[in-house]
>>> print(open('query_9.txt').read())   # compact mmCIF, C-alpha atoms (C1' of nucleotides)
# COMPACT_ATOMS: atom_id res chain seq x y z
CA MET E 1 125.44 -41.27 386.82
CA ILE E 2 126.81 -42.31 390.07
CA ARG E 3 129.11 -44.88 388.65
CA GLY E 4 130.82 -44.88 385.33
CA VAL E 5 131.62 -48.04 383.47
CA SER E 6 135.29 -47.53 384.08
CA THR E 7 135.01 -46.89 387.81
CA PRO E 8 137.38 -49.21 389.60
CA ARG E 9 136.26 -51.16 392.64
CA PRO E 10 138.71 -50.41 395.43
CA GLY E 11 139.62 -53.44 397.33
CA SER E 12 138.61 -55.92 394.70
CA PRO E 13 140.23 -59.08 396.03
CA ALA E 14 139.95 -61.33 393.05
CA GLY E 15 140.67 -59.52 389.85
CA LEU E 16 137.66 -57.80 388.27
CA PRO E 17 134.02 -58.00 389.28
CA SER E 18 131.81 -59.84 386.82
CA PRO E 19 129.27 -57.89 384.76
CA TYR E 20 126.55 -59.25 386.99
CA ALA E 21 128.49 -58.20 390.07
CA GLU E 22 128.74 -54.65 388.77
CA ARG E 23 124.98 -54.54 388.19
CA VAL E 24 124.43 -55.57 391.78
CA LEU E 25 126.93 -53.07 393.16
CA ASP E 26 125.43 -50.37 391.00
CA LEU E 27 121.96 -50.89 392.42
CA VAL E 28 123.16 -51.15 396.00
CA GLU E 29 124.94 -47.83 395.70
CA ARG E 30 121.66 -46.19 394.71
CA ILE E 31 119.75 -47.28 397.77
CA PRO E 32 118.82 -44.05 399.59
CA PRO E 33 120.09 -43.60 403.15
CA GLY E 34 117.60 -44.80 405.72
CA LEU E 35 116.09 -47.33 403.34
CA VAL E 36 117.02 -50.94 402.64
CA LEU E 37 116.53 -53.72 400.10
CA THR E 38 116.42 -57.46 400.61
CA TYR E 39 118.71 -59.81 398.72
CA GLY E 40 115.69 -61.07 396.86
CA ASP E 41 114.64 -57.52 395.96
CA VAL E 42 118.04 -56.79 394.45
CA ALA E 43 117.89 -59.96 392.39
CA GLY E 44 114.33 -59.17 391.39
CA LEU E 45 114.96 -55.56 390.38
CA LEU E 46 117.90 -56.63 388.28
CA ASP E 47 115.87 -59.56 387.03
CA GLU E 48 118.98 -61.69 387.12
CA ALA E 49 120.04 -64.72 389.09
CA GLY E 50 118.97 -65.08 392.71
CA PRO E 51 119.62 -63.78 396.20
CA ARG E 52 122.55 -66.07 396.86
CA GLN E 53 124.49 -64.50 394.04
CA VAL E 54 123.77 -61.07 395.50
CA GLY E 55 125.21 -62.27 398.78
CA ARG E 56 128.28 -63.60 397.05
CA VAL E 57 128.83 -60.30 395.25
CA LEU E 58 128.60 -58.32 398.46
CA SER E 59 130.94 -60.71 400.22
CA LEU E 60 133.55 -60.16 397.53
CA TRP E 61 133.15 -56.51 396.59
CA GLY E 62 130.65 -55.19 399.13
CA GLY E 63 133.37 -53.11 400.75
CA ALA E 64 132.93 -50.49 398.04
CA VAL E 65 129.18 -50.03 398.48
CA PRO E 66 126.65 -49.47 401.32
CA TRP E 67 126.17 -53.20 401.83
CA TRP E 68 124.45 -52.65 405.18
CA ARG E 69 121.39 -51.42 403.24
CA VAL E 70 120.91 -54.94 401.90
CA VAL E 71 119.26 -57.27 404.41
CA ARG E 72 117.55 -60.65 404.50
CA ALA E 73 113.83 -61.04 403.83
CA SER E 74 113.35 -61.33 407.60
CA GLY E 75 114.89 -57.92 408.16
CA GLU E 76 118.08 -59.24 409.69
CA PRO E 77 121.35 -57.80 408.32
CA ALA E 78 124.02 -59.88 406.65
CA LEU E 79 125.16 -62.79 408.75
CA GLY E 80 128.47 -62.07 410.41
CA HIS E 81 128.07 -58.33 409.98
CA GLU E 82 124.93 -57.71 411.99
CA ALA E 83 126.45 -55.37 414.58
CA GLU E 84 128.21 -53.32 411.95
CA ALA E 85 125.14 -53.06 409.74
CA LEU E 86 122.86 -52.16 412.63
CA ARG E 87 125.24 -49.43 413.71
CA ARG E 88 125.33 -47.93 410.21
CA LEU E 89 121.56 -48.13 409.79
CA ARG E 90 120.97 -46.46 413.13
CA ALA E 91 123.27 -43.62 412.03
CA GLU E 92 121.05 -43.16 408.95
CA ALA E 93 117.86 -43.08 411.01
CA ALA E 94 116.60 -46.25 409.38
CA PRO E 95 113.50 -47.76 411.07
CA LEU E 96 114.83 -50.51 413.31
CA LEU E 97 112.97 -52.95 415.52
CA SER E 98 114.82 -52.53 418.76
CA GLY E 99 115.06 -55.68 420.79
CA SER E 100 115.14 -58.11 417.89
CA GLY E 101 118.01 -56.41 416.09
CA ARG E 102 116.10 -56.23 412.85
CA VAL E 103 115.04 -53.68 410.28
CA ASP E 104 111.38 -52.74 409.96
CA LEU E 105 110.99 -53.80 406.34
CA ARG E 106 107.44 -52.52 406.19
CA ARG E 107 108.78 -48.99 406.45
CA ALA E 108 112.41 -49.25 405.38
CA ARG E 109 111.91 -51.18 402.14
CA TRP E 110 112.97 -49.22 399.09
CA SER E 111 110.73 -49.58 396.03
CA GLY E 112 113.60 -49.08 393.62
CA SER E 113 113.22 -45.37 393.05
C1' DG L 1 133.01 -79.52 381.43
C1' DC L 2 131.50 -81.05 386.12
C1' DA L 3 130.68 -80.57 391.07
C1' DA L 4 130.70 -77.81 395.14
C1' DT L 5 129.83 -73.38 397.33
C1' DG L 6 127.19 -69.50 399.27
C1' DA L 7 126.39 -62.19 403.31
C1' DC L 8 119.26 -66.34 400.59
C1' DT L 9 114.04 -67.30 399.92
C1' DG L 10 109.50 -69.10 400.57
C1' DG L 11 106.62 -72.73 402.18
C1' DT L 12 105.36 -75.82 405.80
C1' DA L 13 105.16 -77.51 410.73
C1' DT P 1 106.43 -66.17 416.52
C1' DT P 2 110.63 -69.55 415.36
C1' DA P 3 112.82 -73.86 412.99
C1' DC P 4 113.67 -76.87 409.27
C1' DC P 5 113.71 -78.19 404.22
C1' DA P 6 114.33 -77.96 399.28
C1' DG P 7 115.26 -74.88 395.46
C1' DC P 8 117.69 -71.29 393.43
C1' DC P 9 121.92 -69.86 389.96
C1' DA P 10 126.48 -67.32 389.08
C1' DT P 11 131.05 -68.18 390.44
C1' DT P 12 135.02 -71.00 391.58
C1' DG P 13 138.29 -74.99 391.69
>>> encode(input="query_9.txt", output="structure tokens")
Amino acid sequence: MIRGVSTPRPGSPAGLPSPYAERVLDLVERIPPGLVLTYGDVAGLLDEAGPRQVGRVLSLWGGAVPWWRVVRASGEPALGHEAEALRRLRAEAAPLLSGSGRVDLRRARWSGS
DNA sequence: GCAATGACTGGTA
DNA sequence: TTACCAGCCATTG
């Protein structure tokens, strides 16, 4: 397992992540390099809550996981972190749509293993 | 316990 | 293709 139940989340700002937050972080950590998942996909694969909660989790504890592999349904990276995400994705050889600063979801979307 | 918030989504124009 | 609208639900004050 990549992440044990007792694995601490470095940089956790507000106390401990909620059980739901850990589920989200767990899944995000398993996204293979070069592939991405949309917020809706994460919520759907976990079958819990919705995309907005995924965004909230990443905003709070995303620093401990490859958050740049989670993008919007349109292929655009997290708002406010677009440049950073794009740079990371490019380093992983993820399929990007140059010019529009977006990810090619048709090719980069991860099915969930 | 209630109301507001948010790194979103899908449908419609 | 882009822009706007209403709905979504866990977390927070």
>>> closest_atom_pairs(input="query_9.txt", of="chain E", to="chain P", cutoff="9 Å", atoms="only C-alpha atoms (C1' of nucleotides)", output="CSV")
residue,atom,partner,partner_atom,distance
E:Tyr20,CA,P:DA10,C1',8.3
E:Ala49,CA,P:DC9,C1',5.5
E:Gly50,CA,P:DC9,C1',6.3
E:Pro51,CA,P:DC8,C1',8.2
E:Arg52,CA,P:DC9,C1',7.9
E:Gln53,CA,P:DA10,C1',6.0
E:Arg56,CA,P:DT11,C1',8.5
>>> atom_distance(input="query_9.txt", atom1="CA of Ala85 (chain E)", atom2="CA of Ile31 (chain E)")
14.3 Å
>>> closest_atom_pairs(input="query_9.txt", of="chain E", to="chain L", cutoff="10 Å", atoms="all atoms listed in the file", output="JSON lines")
{"residue": "E:Thr38", "atom": "CA", "partner": "L:DC8", "partner_atom": "C1'", "distance": 9.3}
{"residue": "E:Tyr39", "atom": "CA", "partner": "L:DC8", "partner_atom": "C1'", "distance": 6.8}
{"residue": "E:Gly40", "atom": "CA", "partner": "L:DT9", "partner_atom": "C1'", "distance": 7.1}
{"residue": "E:Gly50", "atom": "CA", "partner": "L:DC8", "partner_atom": "C1'", "distance": 8.0}
{"residue": "E:Pro51", "atom": "CA", "partner": "L:DC8", "partner_atom": "C1'", "distance": 5.1}
{"residue": "E:Arg52", "atom": "CA", "partner": "L:DC8", "partner_atom": "C1'", "distance": 5.0}
{"residue": "E:Gln53", "atom": "CA", "partner": "L:DG6", "partner_atom": "C1'", "distance": 7.7}
{"residue": "E:Val54", "atom": "CA", "partner": "L:DA7", "partner_atom": "C1'", "distance": 8.3}
{"residue": "E:Gly55", "atom": "CA", "partner": "L:DA7", "partner_atom": "C1'", "distance": 4.7}
{"residue": "E:Arg56", "atom": "CA", "partner": "L:DG6", "partner_atom": "C1'", "distance": 6.4}
{"residue": "E:Val57", "atom": "CA", "partner": "L:DA7", "partner_atom": "C1'", "distance": 8.6}
{"residue": "E:Leu58", "atom": "CA", "partner": "L:DA7", "partner_atom": "C1'", "distance": 6.6}
{"residue": "E:Ser59", "atom": "CA", "partner": "L:DA7", "partner_atom": "C1'", "distance": 5.7}
{"residue": "E:Leu60", "atom": "CA", "partner": "L:DA7", "partner_atom": "C1'", "distance": 9.4}
{"residue": "E:Gly62", "atom": "CA", "partner": "L:DA7", "partner_atom": "C1'", "distance": 9.2}
{"residue": "E:Trp67", "atom": "CA", "partner": "L:DA7", "partner_atom": "C1'", "distance": 9.1}
{"residue": "E:Trp68", "atom": "CA", "partner": "L:DA7", "partner_atom": "C1'", "distance": 9.9}
{"residue": "E:Val70", "atom": "CA", "partner": "L:DA7", "partner_atom": "C1'", "distance": 9.2}
{"residue": "E:Val71", "atom": "CA", "partner": "L:DA7", "partner_atom": "C1'", "distance": 8.7}
{"residue": "E:Arg72", "atom": "CA", "partner": "L:DC8", "partner_atom": "C1'", "distance": 7.1}
{"residue": "E:Ala73", "atom": "CA", "partner": "L:DT9", "partner_atom": "C1'", "distance": 7.4}
{"residue": "E:Ser74", "atom": "CA", "partner": "L:DT9", "partner_atom": "C1'", "distance": 9.8}
{"residue": "E:Pro77", "atom": "CA", "partner": "L:DA7", "partner_atom": "C1'", "distance": 8.4}
{"residue": "E:Ala78", "atom": "CA", "partner": "L:DA7", "partner_atom": "C1'", "distance": 4.7}
{"residue": "E:Leu79", "atom": "CA", "partner": "L:DA7", "partner_atom": "C1'", "distance": 5.6}
{"residue": "E:Gly80", "atom": "CA", "partner": "L:DA7", "partner_atom": "C1'", "distance": 7.4}
{"residue": "E:His81", "atom": "CA", "partner": "L:DA7", "partner_atom": "C1'", "distance": 7.9}
{"residue": "E:Glu82", "atom": "CA", "partner": "L:DA7", "partner_atom": "C1'", "distance": 9.9}
>>> atom_distance(input="query_9.txt", atom1="CA of Pro66 (chain E)", atom2="CA of Glu29 (chain E)")
6.1 Å
>>> atom_distance(input="query_9.txt", atom1="CA of Arg90 (chain E)", atom2="CA of Leu25 (chain E)")
21.9 Å
>>> closest_residue(input="query_9.txt", among="E:Pro95, E:Ser113, E:Arg106, E:Gly75", to="Leu27 (chain E)", atoms="only C-alpha atoms")
E:Ser113
>>> decode(input="query_9.txt", residues="chain P", atoms="N, CA and C atoms (P, O5', C5', C4', C3', O3' and C1' of nucleotides)", output="JSON list (two decimals), in the first residue's frame")
[["chain", "number", "residue", "atom", "x", "y", "z"],
["P", 1, "DT", "P", -14.03, 22.46, -28.39],
["P", 1, "DT", "O5'", -13.97, 24.03, -28.34],
["P", 1, "DT", "C5'", -13.32, 24.77, -29.36],
["P", 1, "DT", "C4'", -13.81, 26.20, -29.35],
["P", 1, "DT", "C3'", -14.15, 26.69, -27.95],
["P", 1, "DT", "O3'", -13.02, 27.30, -27.40],
["P", 1, "DT", "C1'", -15.90, 27.24, -29.47],
["P", 2, "DT", "P", -12.94, 27.49, -25.83],
["P", 2, "DT", "O5'", -13.95, 28.70, -25.52],
["P", 2, "DT", "C5'", -13.75, 29.96, -26.15],
["P", 2, "DT", "C4'", -14.87, 30.91, -25.75],
["P", 2, "DT", "C3'", -14.96, 31.15, -24.23],
["P", 2, "DT", "O3'", -15.26, 32.51, -23.98],
["P", 2, "DT", "C1'", -17.01, 30.30, -25.02],
["P", 3, "DA", "P", -15.38, 33.05, -22.47],
["P", 3, "DA", "O5'", -16.96, 33.02, -22.19],
["P", 3, "DA", "C5'", -17.80, 33.88, -22.95],
["P", 3, "DA", "C4'", -19.13, 34.06, -22.25],
["P", 3, "DA", "C3'", -19.03, 34.23, -20.73],
["P", 3, "DA", "O3'", -19.98, 35.20, -20.30],
["P", 3, "DA", "C1'", -20.30, 32.28, -21.25],
["P", 4, "DC", "P", -20.10, 35.60, -18.75],
["P", 4, "DC", "O5'", -21.44, 34.87, -18.32],
["P", 4, "DC", "C5'", -22.63, 35.11, -19.09],
["P", 4, "DC", "C4'", -23.77, 34.22, -18.59],
["P", 4, "DC", "C3'", -23.96, 34.23, -17.07],
["P", 4, "DC", "O3'", -25.33, 34.42, -16.78],
["P", 4, "DC", "C1'", -23.79, 32.01, -17.87],
["P", 5, "DC", "P", -25.83, 34.53, -15.25],
["P", 5, "DC", "O5'", -26.44, 33.07, -15.04],
["P", 5, "DC", "C5'", -27.44, 32.60, -15.94],
["P", 5, "DC", "C4'", -28.04, 31.30, -15.41],
["P", 5, "DC", "C3'", -28.26, 31.30, -13.90],
["P", 5, "DC", "O3'", -29.55, 30.82, -13.59],
["P", 5, "DC", "C1'", -26.90, 29.47, -14.54],
["P", 6, "DA", "P", -30.12, 30.92, -12.07],
["P", 6, "DA", "O5'", -30.10, 29.39, -11.65],
["P", 6, "DA", "C5'", -30.82, 28.44, -12.43],
["P", 6, "DA", "C4'", -30.49, 27.03, -11.99],
["P", 6, "DA", "C3'", -30.73, 26.77, -10.50],
["P", 6, "DA", "O3'", -31.33, 25.49, -10.35],
["P", 6, "DA", "C1'", -28.48, 26.29, -11.05],
["P", 7, "DG", "P", -31.67, 24.92, -8.89],
["P", 7, "DG", "O5'", -30.57, 23.79, -8.70],
["P", 7, "DG", "C5'", -30.51, 22.74, -9.66],
["P", 7, "DG", "C4'", -29.35, 21.79, -9.34],
["P", 7, "DG", "C3'", -29.37, 21.29, -7.89],
["P", 7, "DG", "O3'", -29.15, 19.88, -7.90],
["P", 7, "DG", "C1'", -27.26, 22.22, -8.42],
["P", 8, "DC", "P", -29.39, 19.06, -6.57],
["P", 8, "DC", "O5'", -27.91, 18.68, -6.13],
["P", 8, "DC", "C5'", -27.06, 17.94, -7.00],
["P", 8, "DC", "C4'", -25.61, 18.05, -6.54],
["P", 8, "DC", "C3'", -25.45, 17.78, -5.05],
["P", 8, "DC", "O3'", -25.08, 16.42, -4.85],
["P", 8, "DC", "C1'", -24.17, 19.67, -5.80],
["P", 9, "DC", "P", -25.72, 15.68, -3.58],
["P", 9, "DC", "O5'", -24.63, 16.02, -2.47],
["P", 9, "DC", "C5'", -23.30, 15.53, -2.63],
["P", 9, "DC", "C4'", -22.40, 16.16, -1.58],
["P", 9, "DC", "C3'", -22.92, 16.01, -0.14],
["P", 9, "DC", "O3'", -21.83, 15.79, 0.72],
["P", 9, "DC", "C1'", -22.51, 18.24, -0.59],
["P", 10, "DA", "P", -22.02, 14.89, 2.01],
["P", 10, "DA", "O5'", -20.63, 15.16, 2.76],
["P", 10, "DA", "C5'", -19.42, 14.80, 2.11],
["P", 10, "DA", "C4'", -18.31, 15.77, 2.49],
["P", 10, "DA", "C3'", -18.06, 15.88, 3.99],
["P", 10, "DA", "O3'", -16.67, 16.03, 4.22],
["P", 10, "DA", "C1'", -18.74, 17.99, 3.13],
["P", 11, "DT", "P", -16.11, 16.07, 5.69],
["P", 11, "DT", "O5'", -15.90, 17.63, 5.89],
["P", 11, "DT", "C5'", -15.06, 18.34, 4.97],
["P", 11, "DT", "C4'", -15.04, 19.82, 5.30],
["P", 11, "DT", "C3'", -14.79, 20.16, 6.77],
["P", 11, "DT", "O3'", -13.71, 21.08, 6.84],
["P", 11, "DT", "C1'", -16.66, 21.34, 5.95],
["P", 12, "DT", "P", -13.13, 21.49, 8.27],
["P", 12, "DT", "O5'", -13.77, 22.94, 8.49],
["P", 12, "DT", "C5'", -13.61, 23.93, 7.45],
["P", 12, "DT", "C4'", -14.37, 25.19, 7.83],
["P", 12, "DT", "C3'", -14.19, 25.62, 9.29],
["P", 12, "DT", "O3'", -13.87, 27.00, 9.32],
["P", 12, "DT", "C1'", -16.49, 25.49, 8.73],
["P", 13, "DG", "P", -13.40, 27.70, 10.71],
["P", 13, "DG", "O5'", -14.62, 28.66, 11.05],
["P", 13, "DG", "C5'", -14.96, 29.70, 10.14],
["P", 13, "DG", "C4'", -16.22, 30.42, 10.64],
["P", 13, "DG", "C3'", -16.15, 30.84, 12.10],
["P", 13, "DG", "O3'", -16.81, 32.09, 12.29],
["P", 13, "DG", "C1'", -17.98, 29.39, 11.76]]
